[in-house]
>>> print(open('input_20.txt').read())   # compact mmCIF, C-alpha atoms and all ligand atoms
# COMPACT_ATOMS: atom_id res chain seq x y z
CA MET A 138 14.20 -2.03 -18.76
CA LYS A 139 13.29 -5.40 -17.36
CA VAL A 140 13.29 -4.94 -13.60
CA ARG A 141 11.01 -2.21 -12.34
CA ALA A 142 9.23 -1.14 -9.20
CA VAL A 143 6.15 0.92 -8.45
CA VAL A 144 5.73 2.51 -5.02
CA GLY A 145 3.35 5.00 -3.40
CA LEU A 146 4.72 8.38 -2.36
CA GLN A 147 2.01 9.60 0.04
CA TRP A 148 -0.05 7.84 2.75
CA GLY A 149 -1.22 5.00 0.50
CA ASP A 150 -4.25 5.02 -1.79
CA GLU A 151 -2.35 6.88 -4.52
CA GLY A 152 -3.84 4.65 -7.20
CA LYS A 153 -0.84 2.32 -7.54
CA GLY A 154 -3.08 -0.55 -8.60
CA LYS A 155 -3.87 1.07 -11.92
CA VAL A 156 -0.23 1.86 -12.71
CA VAL A 157 0.98 -1.57 -11.67
CA ASP A 158 -1.80 -3.04 -13.74
CA HIS A 159 -0.51 -1.14 -16.76
CA TYR A 160 3.01 -2.56 -16.39
CA ALA A 161 1.78 -5.98 -15.36
CA ALA A 162 0.29 -6.50 -18.82
CA SER A 163 3.81 -7.07 -20.12
CA ALA A 164 5.51 -8.48 -17.00
CA ASP A 165 6.53 -12.09 -16.47
CA PHE A 166 6.52 -11.77 -12.68
CA VAL A 167 4.70 -9.33 -10.39
CA VAL A 168 5.97 -9.33 -6.81
CA ARG A 169 4.47 -8.11 -3.51
CA CYS A 170 7.18 -7.52 -0.91
CA GLN A 171 5.58 -6.20 2.29
CA GLY A 172 2.34 -5.43 4.07
CA GLY A 173 -0.63 -7.77 4.01
CA ALA A 174 -4.37 -7.66 3.55
CA ASN A 175 -4.35 -4.05 4.82
CA ALA A 176 -3.65 -2.99 1.23
CA GLY A 177 -6.49 -2.34 -1.18
CA HIS A 178 -5.63 -2.11 -4.86
CA THR A 179 -8.55 -1.06 -7.00
CA VAL A 180 -8.44 -1.59 -10.75
CA TRP A 181 -11.32 -1.00 -13.14
CA VAL A 182 -11.35 -3.55 -15.92
CA ASP A 183 -13.92 -2.88 -18.65
CA GLY A 184 -16.13 -1.01 -16.20
CA ARG A 185 -15.86 -3.77 -13.56
CA LYS A 186 -14.33 -2.88 -10.20
CA MET A 187 -11.64 -5.34 -9.04
CA VAL A 188 -10.11 -5.01 -5.58
CA GLY A 189 -7.02 -6.91 -4.52
CA HIS A 190 -5.59 -7.01 -1.01
CA LEU A 191 -2.85 -9.62 -0.90
CA LEU A 192 -2.52 -10.70 -4.49
CA PRO A 193 -0.26 -8.53 -6.61
CA SER A 194 -2.14 -6.49 -9.19
CA GLY A 195 -0.64 -8.80 -11.84
CA ALA A 196 -3.44 -11.16 -10.88
CA PHE A 197 -5.84 -9.04 -12.98
CA HIS A 198 -4.01 -10.16 -16.12
CA PRO A 199 -4.13 -13.77 -17.29
CA ASP A 200 -0.40 -14.49 -17.60
CA PRO A 201 2.07 -13.03 -15.07
CA ILE A 202 3.38 -15.22 -12.27
CA CYS A 203 2.14 -13.58 -9.06
CA VAL A 204 4.62 -13.70 -6.20
CA ILE A 205 4.04 -13.00 -2.52
CA GLY A 206 7.48 -12.43 -1.02
CA ALA A 207 9.02 -13.18 2.38
CA GLY A 208 8.33 -9.68 3.71
CA VAL A 209 4.54 -10.00 3.39
CA VAL A 210 2.40 -11.06 6.35
CA LEU A 211 -0.05 -13.55 4.98
CA ASP A 212 -3.67 -14.07 5.95
CA LEU A 213 -4.48 -17.38 4.27
CA GLU A 214 -8.23 -16.92 4.69
CA SER A 215 -8.18 -13.55 2.99
CA LEU A 216 -5.91 -14.87 0.21
CA CYS A 217 -8.26 -17.79 -0.54
CA GLU A 218 -11.25 -15.43 -0.63
CA GLU A 219 -9.45 -13.24 -3.15
CA ILE A 220 -8.51 -16.20 -5.31
CA ASP A 221 -12.11 -17.42 -5.27
CA ALA A 222 -13.42 -13.95 -6.19
CA LEU A 223 -11.11 -13.82 -9.21
CA ASN A 224 -12.07 -17.36 -10.21
CA ALA A 225 -15.69 -16.25 -10.19
CA VAL A 226 -14.95 -13.68 -12.90
CA GLY A 227 -12.87 -16.10 -14.96
CA LEU A 228 -9.39 -15.05 -13.82
CA GLU A 229 -7.55 -18.15 -12.72
CA VAL A 230 -4.63 -17.24 -10.45
CA GLU A 231 -3.90 -20.21 -8.16
CA LYS A 232 -1.76 -22.05 -10.74
CA ARG A 233 0.47 -19.02 -11.27
CA LEU A 234 0.67 -17.97 -7.62
CA ARG A 235 3.94 -18.44 -5.70
CA VAL A 236 4.04 -17.72 -1.98
CA SER A 237 7.25 -17.48 0.02
CA ARG A 238 7.76 -20.25 2.55
CA LEU A 239 9.44 -17.59 4.68
CA ALA A 240 6.43 -15.26 4.84
CA HIS A 241 4.88 -14.92 8.29
CA LEU A 242 1.26 -15.87 8.85
CA VAL A 243 -1.43 -13.52 10.10
CA LEU A 244 -3.51 -15.62 12.49
CA PRO A 245 -7.00 -14.94 13.84
CA TYR A 246 -5.58 -13.77 17.19
CA HIS A 247 -3.48 -11.11 15.41
CA LYS A 248 -6.64 -9.60 13.96
CA ILE A 249 -8.32 -9.65 17.37
CA LEU A 250 -5.32 -7.98 19.03
CA ASP A 251 -5.25 -5.38 16.24
CA ARG A 252 -8.95 -4.55 16.57
CA GLY A 253 -8.62 -4.30 20.36
CA ARG A 254 -5.44 -2.23 20.24
CA ASP A 255 -6.89 1.23 20.49
CA ARG A 256 -9.01 0.17 23.50
CA LEU A 257 -5.95 -0.15 25.76
CA PRO A 258 -4.69 3.12 27.25
CA SER A 259 -1.24 1.54 27.66
CA MET A 260 -0.91 1.43 23.84
CA GLY A 261 -0.69 5.22 23.67
CA LEU A 262 -2.30 7.26 20.91
CA PRO A 263 -4.91 5.58 18.71
CA ILE A 264 -3.61 4.71 15.23
CA GLY A 265 -6.83 3.71 13.48
CA THR A 266 -5.38 0.59 11.85
CA THR A 267 -7.19 -1.42 9.21
CA GLY A 268 -7.79 -4.16 11.80
CA ARG A 269 -6.20 -6.77 9.53
CA GLY A 270 -3.72 -8.01 12.14
CA ILE A 271 -0.71 -6.38 10.51
CA GLY A 272 1.00 -4.81 13.56
CA PRO A 273 0.60 -7.86 15.83
CA ALA A 274 1.85 -10.23 13.08
CA TYR A 275 4.97 -8.13 12.43
CA SER A 276 5.47 -7.86 16.20
CA ASP A 277 5.59 -11.65 16.51
CA LYS A 278 7.98 -11.77 13.56
CA MET A 279 10.37 -9.29 15.15
CA ARG A 280 10.13 -11.03 18.54
CA ARG A 281 11.05 -14.22 16.65
CA VAL A 282 7.99 -16.14 17.79
CA GLY A 283 5.92 -15.99 14.59
CA LEU A 284 4.59 -18.87 12.50
CA ARG A 285 5.72 -18.96 8.90
CA VAL A 286 4.23 -20.50 5.80
CA GLY A 287 6.94 -23.19 5.78
CA ASP A 288 5.95 -24.27 9.32
CA LEU A 289 2.68 -25.63 7.96
CA ASP A 290 4.63 -28.62 6.56
CA ARG A 291 6.00 -29.60 9.93
CA GLY A 292 3.00 -31.65 10.96
CA GLU A 293 -0.07 -31.01 13.07
CA SER A 294 1.56 -31.45 16.47
CA VAL A 295 4.31 -28.88 15.77
CA VAL A 296 1.80 -26.34 14.44
CA ARG A 297 -0.49 -26.99 17.42
CA SER A 298 2.27 -26.38 19.95
CA LEU A 299 3.50 -23.21 18.18
CA LEU A 300 -0.02 -21.88 18.07
CA GLN A 301 -0.82 -22.89 21.63
CA ALA A 302 2.20 -21.03 22.97
CA ARG A 303 1.08 -17.84 21.23
CA LEU A 304 -2.54 -18.12 22.34
CA GLU A 305 -1.50 -18.75 25.94
CA GLU A 306 0.77 -15.71 25.87
CA MET A 307 -1.78 -13.39 24.27
CA ALA A 308 -5.03 -14.56 25.95
CA PRO A 309 -4.57 -12.21 28.96
CA VAL A 310 -3.99 -9.25 26.60
CA MET A 311 -7.14 -10.03 24.60
CA GLU A 312 -9.02 -10.33 27.89
CA ARG A 313 -7.81 -6.90 28.99
CA GLN A 314 -8.92 -5.50 25.64
CA GLY A 315 -12.36 -6.98 26.31
CA MET A 316 -12.02 -9.11 23.17
CA GLU A 317 -13.08 -12.74 22.86
CA TYR A 318 -10.17 -14.92 21.91
CA PRO A 319 -10.18 -17.72 19.36
CA ASP A 320 -10.32 -21.41 20.08
CA LEU A 321 -7.05 -23.31 19.52
CA GLU A 322 -8.61 -26.27 17.71
CA ALA A 323 -10.73 -24.12 15.40
CA THR A 324 -7.70 -21.98 14.51
CA LEU A 325 -5.60 -25.06 13.90
CA ASP A 326 -8.23 -26.69 11.65
CA LEU A 327 -8.61 -23.52 9.61
CA LEU A 328 -4.88 -23.06 9.23
CA LEU A 329 -4.18 -26.64 8.22
CA SER A 330 -7.01 -26.83 5.72
CA LEU A 331 -6.12 -23.53 4.02
CA GLY A 332 -2.44 -24.48 4.10
CA ASN A 333 -3.29 -27.77 2.49
CA ARG A 334 -5.19 -26.11 -0.33
CA LEU A 335 -2.38 -23.65 -1.10
CA GLN A 336 0.50 -26.08 -0.52
CA PRO A 337 1.52 -26.24 -4.22
CA CYS A 338 2.05 -22.45 -4.19
CA PHE A 339 4.54 -22.48 -1.29
CA VAL A 340 8.07 -22.18 -2.70
CA ASP A 341 11.43 -20.43 -2.29
CA THR A 342 10.34 -17.19 -3.96
CA GLY A 343 13.67 -15.45 -3.34
CA HIS A 344 15.43 -18.00 -5.53
CA LEU A 345 12.62 -17.83 -8.08
CA ILE A 346 12.90 -14.05 -8.51
CA ARG A 347 16.70 -13.97 -8.49
CA GLU A 348 16.69 -16.59 -11.24
CA ALA A 349 14.04 -14.66 -13.15
CA ILE A 350 16.22 -11.55 -13.06
CA ARG A 351 19.36 -13.50 -13.95
CA THR A 352 17.70 -15.00 -16.99
CA GLY A 353 16.34 -11.69 -18.28
CA ARG A 354 12.67 -12.07 -17.42
CA ARG A 355 10.56 -8.96 -16.83
CA VAL A 356 9.98 -8.51 -13.12
CA LEU A 357 7.75 -5.88 -11.54
CA PHE A 358 7.91 -5.13 -7.81
CA GLU A 359 4.73 -3.70 -6.39
CA GLY A 360 4.79 -1.57 -3.25
CA ALA A 361 1.84 -1.51 -0.87
CA GLN A 362 0.71 1.43 1.29
CA GLY A 363 2.87 4.53 0.81
CA THR A 364 6.22 6.02 1.75
CA LEU A 365 4.84 8.23 4.52
CA LEU A 366 3.44 5.11 6.22
CA ASP A 367 6.90 3.48 6.31
CA ILE A 368 7.75 2.08 9.76
CA ASP A 369 11.15 3.81 9.86
CA HIS A 370 10.84 6.79 7.53
CA GLY A 371 7.13 7.59 7.81
CA THR A 372 5.11 9.62 10.30
CA TYR A 373 5.68 7.24 13.23
CA PRO A 374 3.73 6.05 15.20
CA PHE A 375 0.95 6.73 12.66
CA VAL A 376 2.42 4.28 10.17
CA THR A 377 2.01 0.69 9.11
CA SER A 378 4.36 -1.95 10.52
CA SER A 379 6.46 -2.60 7.41
CA THR A 380 8.95 -0.83 5.16
CA SER A 381 6.46 0.55 2.69
CA SER A 382 8.96 2.73 0.82
CA ALA A 383 11.10 1.33 -2.00
CA LEU A 384 13.78 0.61 0.63
CA GLY A 385 11.76 -2.49 1.58
CA LEU A 386 11.62 -4.09 -1.87
CA GLY A 387 14.96 -5.93 -1.70
CA PRO A 388 14.60 -7.34 1.81
CA GLY A 389 10.91 -8.13 1.27
CA SER A 390 11.54 -10.16 -1.85
CA GLY A 391 15.05 -11.54 -1.37
CA VAL A 392 16.86 -9.76 -4.21
CA PRO A 393 19.69 -7.24 -4.03
CA SER A 394 18.11 -3.78 -4.16
CA ARG A 395 20.52 -2.71 -6.89
CA SER A 396 18.94 -5.18 -9.32
CA ILE A 397 15.91 -2.87 -9.55
CA GLU A 398 16.63 -0.69 -12.58
CA HIS A 399 13.75 1.78 -12.47
CA ILE A 400 11.49 3.02 -9.67
CA LEU A 401 8.26 4.73 -10.55
CA GLY A 402 6.58 6.74 -7.79
CA VAL A 403 2.82 7.12 -7.75
CA VAL A 404 1.34 10.34 -6.42
CA LYS A 405 -2.27 11.43 -6.37
CA ALA A 406 -2.96 14.95 -7.68
CA TYR A 407 -4.14 15.89 -4.16
CA ALA A 408 -3.50 14.28 -0.78
CA THR A 409 -5.46 11.78 1.29
CA ARG A 410 -4.90 9.89 4.49
CA VAL A 411 -6.90 7.23 6.37
CA GLY A 412 -6.53 6.77 10.10
CA GLU A 413 -4.79 9.11 12.52
CA GLY A 414 -1.60 11.15 12.17
CA PRO A 415 -0.29 14.51 10.93
CA PHE A 416 -1.58 15.86 7.61
CA PRO A 417 -0.44 19.48 7.15
CA THR A 418 -2.50 20.22 4.03
CA GLU A 419 -5.72 18.61 5.23
CA GLU A 420 -8.90 20.50 4.29
CA LYS A 421 -11.54 19.82 6.91
CA GLY A 422 -14.24 22.00 5.32
CA ALA A 423 -15.98 22.24 1.97
CA HIS A 424 -12.84 21.76 -0.18
CA GLY A 425 -12.03 18.49 1.58
CA GLU A 426 -15.60 17.33 1.26
CA SER A 427 -15.68 18.09 -2.44
CA LEU A 428 -12.41 16.19 -3.05
CA ARG A 429 -13.76 13.22 -1.08
CA GLU A 430 -17.04 13.12 -2.98
CA LYS A 431 -15.58 13.69 -6.41
CA GLY A 432 -12.56 11.43 -5.87
CA LYS A 433 -14.71 8.74 -4.17
CA GLU A 434 -12.25 8.76 -1.33
CA PHE A 435 -13.47 5.89 0.79
CA GLY A 436 -11.09 3.08 1.83
CA ALA A 437 -10.93 0.03 -0.48
CA THR A 438 -10.21 -2.19 2.55
CA THR A 439 -12.28 -0.67 5.35
CA GLY A 440 -14.72 1.67 3.56
CA ARG A 441 -13.66 4.51 5.92
CA PRO A 442 -13.93 8.06 4.51
CA ARG A 443 -10.44 9.31 3.71
CA ARG A 444 -9.20 12.66 5.02
CA CYS A 445 -8.54 14.91 2.00
CA GLY A 446 -6.41 17.98 1.27
CA TRP A 447 -4.06 19.71 -1.15
CA LEU A 448 -0.94 18.26 -2.73
CA ASP A 449 2.05 18.67 -0.40
CA LEU A 450 5.22 19.22 -2.45
CA PRO A 451 7.71 19.27 0.47
CA ALA A 452 6.39 15.83 1.52
CA LEU A 453 6.55 14.65 -2.10
CA GLY A 454 10.12 15.91 -2.46
CA TYR A 455 11.08 13.91 0.62
CA SER A 456 9.50 10.72 -0.78
CA VAL A 457 11.14 11.19 -4.18
CA ALA A 458 14.57 11.53 -2.55
CA LEU A 459 14.11 8.70 -0.05
CA ASN A 460 12.99 6.18 -2.67
CA GLY A 461 15.35 7.28 -5.44
CA ILE A 462 12.40 7.86 -7.76
CA ASP A 463 13.13 7.91 -11.51
CA ALA A 464 9.74 9.09 -12.75
CA LEU A 465 6.29 9.96 -11.45
CA ALA A 466 2.80 8.73 -12.25
CA LEU A 467 0.24 11.36 -11.28
CA THR A 468 -3.21 9.92 -10.68
CA LYS A 469 -6.72 11.39 -10.49
CA ILE A 470 -5.96 14.74 -12.14
CA ASP A 471 -9.58 14.68 -13.37
CA VAL A 472 -10.79 15.11 -9.77
CA LEU A 473 -9.21 18.58 -9.67
CA GLY A 474 -11.07 19.78 -12.80
CA GLY A 475 -13.61 22.44 -11.76
CA GLN A 476 -12.20 22.44 -8.20
CA GLU A 477 -12.56 25.87 -6.60
CA GLY A 478 -9.66 27.53 -4.79
CA LEU A 479 -7.05 25.09 -6.10
CA LYS A 480 -3.81 25.33 -4.10
CA ILE A 481 -0.51 23.50 -3.87
CA CYS A 482 1.75 23.45 -0.81
CA VAL A 483 5.32 24.58 -1.58
CA GLY A 484 6.79 24.92 1.92
CA TYR A 485 6.10 25.07 5.64
CA GLU A 486 6.60 27.69 8.29
CA ASP A 487 6.35 27.79 12.05
CA MET A 488 4.23 30.13 14.19
CA SER A 489 6.91 32.84 13.95
CA GLY A 490 6.99 32.69 10.15
CA ASN A 491 10.33 30.82 9.91
CA GLU A 492 10.48 28.41 7.00
CA ILE A 493 11.01 24.79 8.03
CA PRO A 494 11.76 21.71 5.95
CA PHE A 495 9.62 18.58 5.75
CA THR A 496 10.25 16.11 8.55
CA PRO A 497 8.46 12.80 9.15
CA GLU A 498 8.60 13.44 12.91
CA SER A 499 4.91 13.54 13.74
CA HIS A 500 5.03 15.96 16.65
CA VAL A 501 6.82 18.54 14.46
CA LEU A 502 4.68 17.92 11.38
CA GLU A 503 1.50 18.38 13.45
CA GLU A 504 2.53 21.99 14.11
CA VAL A 505 3.73 23.21 10.69
CA ILE A 506 1.78 25.83 8.77
CA PRO A 507 1.67 25.11 5.02
CA ILE A 508 2.75 27.80 2.56
CA TYR A 509 0.50 27.65 -0.49
CA GLU A 510 0.62 28.81 -4.08
CA GLU A 511 -2.76 29.51 -5.62
CA MET A 512 -3.08 27.61 -8.90
CA VAL A 513 -5.14 28.56 -11.93
CA GLY A 514 -7.81 25.91 -12.15
CA TRP A 515 -9.36 24.37 -15.22
CA PRO A 516 -12.87 23.33 -16.19
CA GLU A 517 -14.09 19.85 -15.50
CA GLN A 518 -13.13 17.49 -18.31
CA GLU A 519 -14.85 14.40 -19.54
CA VAL A 520 -13.67 11.45 -17.41
CA GLY A 521 -10.92 9.56 -19.21
CA SER A 522 -10.07 12.48 -21.47
CA SER A 523 -6.94 11.99 -23.56
CA GLU A 524 -6.11 15.74 -23.61
CA LEU A 525 -4.84 17.70 -20.65
CA PRO A 526 -6.24 21.24 -20.28
CA GLU A 527 -3.80 24.14 -20.01
CA GLY A 528 -4.31 24.59 -16.24
CA ALA A 529 -3.61 20.90 -15.62
CA LEU A 530 -0.39 21.13 -17.65
CA ARG A 531 0.77 24.12 -15.54
CA TYR A 532 -0.08 22.13 -12.38
CA ILE A 533 1.97 19.14 -13.58
CA GLU A 534 4.90 21.35 -14.60
CA ARG A 535 4.89 22.93 -11.11
CA ILE A 536 5.24 19.46 -9.59
CA GLU A 537 8.05 18.55 -11.98
CA SER A 538 9.98 21.73 -11.32
CA PHE A 539 9.64 21.34 -7.54
CA VAL A 540 10.74 17.72 -7.23
CA GLY A 541 12.99 17.53 -10.31
CA VAL A 542 11.50 14.32 -11.71
CA PRO A 543 9.32 13.96 -14.84
CA VAL A 544 5.64 13.07 -14.67
CA VAL A 545 5.37 10.35 -17.32
CA PHE A 546 1.84 9.11 -16.70
CA VAL A 547 -1.26 11.12 -15.84
CA GLY A 548 -4.46 9.35 -14.77
CA THR A 549 -7.59 11.05 -16.11
CA GLY A 550 -10.24 8.57 -14.98
CA PRO A 551 -10.67 5.26 -13.18
CA ASP A 552 -10.47 2.79 -16.07
CA ARG A 553 -7.32 1.01 -17.23
CA ASN A 554 -7.23 3.13 -20.38
CA HIS A 555 -7.95 6.51 -18.83
CA SER A 556 -4.51 8.09 -18.97
CA VAL A 557 -2.21 10.49 -20.83
CA LEU A 558 1.46 9.63 -21.33
CA ARG A 559 4.23 12.29 -21.26
CA HIS A 560 7.98 12.36 -21.90
CA GLY A 561 7.83 9.07 -23.79
CA GLY A 562 5.46 7.42 -21.28
CA LEU A 563 5.93 4.61 -18.83
P1 LIG B 601 -2.24 -1.07 9.60
O1 LIG B 601 -1.37 -1.18 8.42
O2 LIG B 601 -3.54 -1.81 9.44
O3 LIG B 601 -1.53 -1.42 10.88
O4 LIG B 601 -2.68 0.48 9.77
C1 LIG B 601 -1.74 1.50 10.14
C2 LIG B 601 -2.06 2.79 9.42
O5 LIG B 601 -1.79 2.63 8.04
C3 LIG B 601 -3.53 3.22 9.52
O6 LIG B 601 -3.58 4.63 9.54
C4 LIG B 601 -4.13 2.70 8.21
O7 LIG B 601 -5.25 3.45 7.82
C5 LIG B 601 -2.96 2.92 7.27
N1 LIG B 601 -2.97 1.99 6.12
C6 LIG B 601 -2.61 0.70 6.11
N2 LIG B 601 -2.72 0.18 4.88
C7 LIG B 601 -3.13 1.17 4.09
C8 LIG B 601 -3.40 1.27 2.69
O8 LIG B 601 -3.25 0.31 1.91
N3 LIG B 601 -3.81 2.49 2.24
C9 LIG B 601 -3.93 3.56 3.07
N4 LIG B 601 -3.69 3.52 4.37
C10 LIG B 601 -3.30 2.34 4.89
>>> encode(input="input_20.txt", output="structure tokens", more="lines below")
Ligand code: IMP
Amino acid sequence: MKVRAVVGLQWGDEGKGKVVDHYAASADFVVRCQGGANAGHTVWVDGRKMVGHLLPSGAFHPDPICVIGAGVVLDLESLCEEIDALNAVGLEVEKRLRVSRLAHLVLPYHKILDRGRDRLPSMGLPIGTTGRGIGPAYSDKMRRVGLRVGDLDRGESVVRSLLQARLEEMAPVMERQGMEYPDLEATLDLLLSLGNRLQPCFVDTGHLIREAIRTGRRVLFEGAQGTLLDIDHGTYPFVTSSTSSALGLGPGSGVPSRSIEHILGVVKAYATRVGEGPFPTEEKGAHGESLREKGKEFGATTGRPRRCGWLDLPALGYSVALNGIDALALTKIDVLGGQEGLKICVGYEDMSGNEIPFTPESHVLEEVIPIYEEMVGWPEQEVGSSELPEGALRYIERIESFVGVPVVFVGTGPDRNHSVLRHGGL
């Protein structure tokens, strides 16, 4: 198969980076379709930790063309920092980077509005965003007032007037938030200089990828965040502002969705969530703490401790169906080795004991009571082990039988090579 996708099936942080990295080794193109610098893809290469935010994980290999599609919101400053960090370790990416001219820009005022958001009572419940300007940038896009990458070619006076209009509109909001707002000239200078540096990367990426597919090149689409953070199908309003399920890959890259031949879903062996929102299987006590410590569950983007809990099969079944998942990659099974009181959620009930199905509606999901199966645990294995203990196999088979999709890849440690392949592998 030449055209594949990898998406997250929970609330992000499933370990997609490692799986994408595996496929990227043999891909010609690796494509990001949505989200922005809110993402944090961690890949361990020869014991060295590499974190990407905007660049597709293909950047960690020397050859694939790395594409940032039209559906991404682009923070040029963050992108340049990432490129420079990779350069410093000998991975040259700028020459093989292609950025859509249609992608919207995340500007300094978006980040300020985002960080001030939860201070305004009129904004409703706090979300706990990453503060990377994602919501405000997508808001401008949908209101049809955003600046796009291609606008940077239109000359300084056009960019100045577009920017000025936005700053004038948003200055009173930033004032109400008690935030200091950025200077027009400083923002303009920054934007034009970064735009100038990256100018050779700005192209029609939709055409590029369609041609790549037409001519039989290997193309890998890389999802960011996870299905349950999807703006439409996730646990709204505790979601990100883009289509983070596989449904967003076509629109975010400019290819017909049916050209994607295989969709791999990534699921962590337990569940985590950063920020606010419903989490039926959350463990607030010792079990949660032990998963967090052992799984090193701290955000790659913000460093925040992640909320931790048991694997939620009804939620996973929903994500598998919504995305049309062909196969699963199960990550971090090693973290469950030696875990006391191992459980897996196989249904929900209400206060009266009536079984209820999974729903992404947050106010309903907040109230459900998980139904658990106790699982037989297994002793802690050596990190990166190439054998799966009996208990782990039973755990994996329970997942497969519940969601009806094979687990083809099992992560047993953080490094690139720490994995066991099943059913013929990836
Ligand atoms: P935003 O995407 O920064 O607007 O944040 C909205 C919600 O999505 C918050 O709960 C974030 O913690 C969460 N979120 C955004 N990006 C990621 C990610 O890459 N991994 C996990 N959670 C994320």
>>> closest_residue(input="input_20.txt", among="A:Ala164, A:Ala176, A:Leu289, A:Leu327", to="ligand LIG 601 (chain B)", atoms="only C-alpha atoms and all ligand atoms")
A:Ala176
>>> atom_distance(input="input_20.txt", atom1="atom CA of His190 of chain A", atom2="atom CA of Leu216 of chain A")
8.0 Å
>>> residues_around(input="input_20.txt", residues="Pro516 of chain A", least_positions_apart="6", cutoff="9 Å", atoms="all atoms listed in the file", output="JSON, numbers by chain")
{"A": [473, 474, 475, 476, 526, 528]}
>>> write_last_selection(input="input_20.txt", atoms="C-alpha atoms", output="tab-separated table (two decimals), keeping the file's coordinate frame")
chain	number	residue	atom	x	y	z
A	473	LEU	CA	-9.21	18.58	-9.67
A	474	GLY	CA	-11.07	19.78	-12.80
A	475	GLY	CA	-13.61	22.44	-11.76
A	476	GLN	CA	-12.20	22.44	-8.20
A	526	PRO	CA	-6.24	21.24	-20.28
A	528	GLY	CA	-4.31	24.59	-16.24
>>> closest_atom_pairs(input="input_20.txt", of="chain A", to="ligand LIG 601 (chain B)", cutoff="7 Å", atoms="only C-alpha atoms and all ligand atoms", output="JSON lines")
{"residue": "A:Trp148", "atom": "CA", "partner": "B:LIG601", "partner_atom": "C9", "distance": 5.8}
{"residue": "A:Gly149", "atom": "CA", "partner": "B:LIG601", "partner_atom": "C9", "distance": 4.0}
{"residue": "A:Asp150", "atom": "CA", "partner": "B:LIG601", "partner_atom": "N3", "distance": 4.8}
{"residue": "A:Asn175", "atom": "CA", "partner": "B:LIG601", "partner_atom": "N2", "distance": 4.5}
{"residue": "A:Ala176", "atom": "CA", "partner": "B:LIG601", "partner_atom": "O8", "distance": 3.4}
{"residue": "A:Gly177", "atom": "CA", "partner": "B:LIG601", "partner_atom": "O8", "distance": 5.2}
{"residue": "A:Ile264", "atom": "CA", "partner": "B:LIG601", "partner_atom": "O6", "distance": 5.7}
{"residue": "A:Gly265", "atom": "CA", "partner": "B:LIG601", "partner_atom": "C3", "distance": 5.2}
{"residue": "A:Thr266", "atom": "CA", "partner": "B:LIG601", "partner_atom": "O4", "distance": 3.4}
{"residue": "A:Thr267", "atom": "CA", "partner": "B:LIG601", "partner_atom": "O2", "distance": 3.7}
{"residue": "A:Gly268", "atom": "CA", "partner": "B:LIG601", "partner_atom": "O2", "distance": 5.4}
{"residue": "A:Arg269", "atom": "CA", "partner": "B:LIG601", "partner_atom": "O2", "distance": 5.6}
{"residue": "A:Gly270", "atom": "CA", "partner": "B:LIG601", "partner_atom": "O2", "distance": 6.8}
{"residue": "A:Ile271", "atom": "CA", "partner": "B:LIG601", "partner_atom": "O3", "distance": 5.0}
{"residue": "A:Gly272", "atom": "CA", "partner": "B:LIG601", "partner_atom": "O3", "distance": 5.0}
{"residue": "A:Ala361", "atom": "CA", "partner": "B:LIG601", "partner_atom": "O8", "distance": 6.1}
{"residue": "A:Gln362", "atom": "CA", "partner": "B:LIG601", "partner_atom": "O8", "distance": 4.2}
{"residue": "A:Leu366", "atom": "CA", "partner": "B:LIG601", "partner_atom": "O5", "distance": 6.1}
{"residue": "A:Phe375", "atom": "CA", "partner": "B:LIG601", "partner_atom": "O6", "distance": 5.9}
{"residue": "A:Val376", "atom": "CA", "partner": "B:LIG601", "partner_atom": "C2", "distance": 4.8}
{"residue": "A:Thr377", "atom": "CA", "partner": "B:LIG601", "partner_atom": "O1", "distance": 3.9}
{"residue": "A:Ser378", "atom": "CA", "partner": "B:LIG601", "partner_atom": "O3", "distance": 5.9}
{"residue": "A:Arg410", "atom": "CA", "partner": "B:LIG601", "partner_atom": "N4", "distance": 6.5}
{"residue": "A:Val411", "atom": "CA", "partner": "B:LIG601", "partner_atom": "O7", "distance": 4.4}
{"residue": "A:Gly412", "atom": "CA", "partner": "B:LIG601", "partner_atom": "O6", "distance": 3.7}
{"residue": "A:Glu413", "atom": "CA", "partner": "B:LIG601", "partner_atom": "O6", "distance": 5.5}
>>> axis_aligned_box(input="input_20.txt", around="segment 316-328 of chain A", padding_each_side="6 Å", output="AutoDock Vina command-line options")
--center_x -9.0 --center_y -17.9 --center_z 16.2 --size_x 20.2 --size_y 29.6 --size_z 25.9
>>> residues_near_point(input="input_20.txt", point="(-13.1, -12.0, -9.9)", cutoff="12 Å", atoms="only C-alpha atoms", output="number ranges by chain")
A: 180-182, 185-189, 192, 196-199, 218-230
>>> closest_residue(input="input_20.txt", among="A:Gln518, A:Asn491, A:Thr468, A:Thr418", to="Leu558 of chain A", atoms="all atoms listed in the file")
A:Thr468
>>> atom_distance(input="input_20.txt", atom1="atom CA of Glu517 of chain A", atom2="atom CA of Val472 of chain A")
8.1 Å
>>> residues_around(input="input_20.txt", residues="Gln336 of chain A", least_positions_apart="2", cutoff="10 Å", atoms="all atoms listed in the file", output="PyMOL selection string")
chain A and resi 235-236+238+286-287+289-290+329-334+338-340
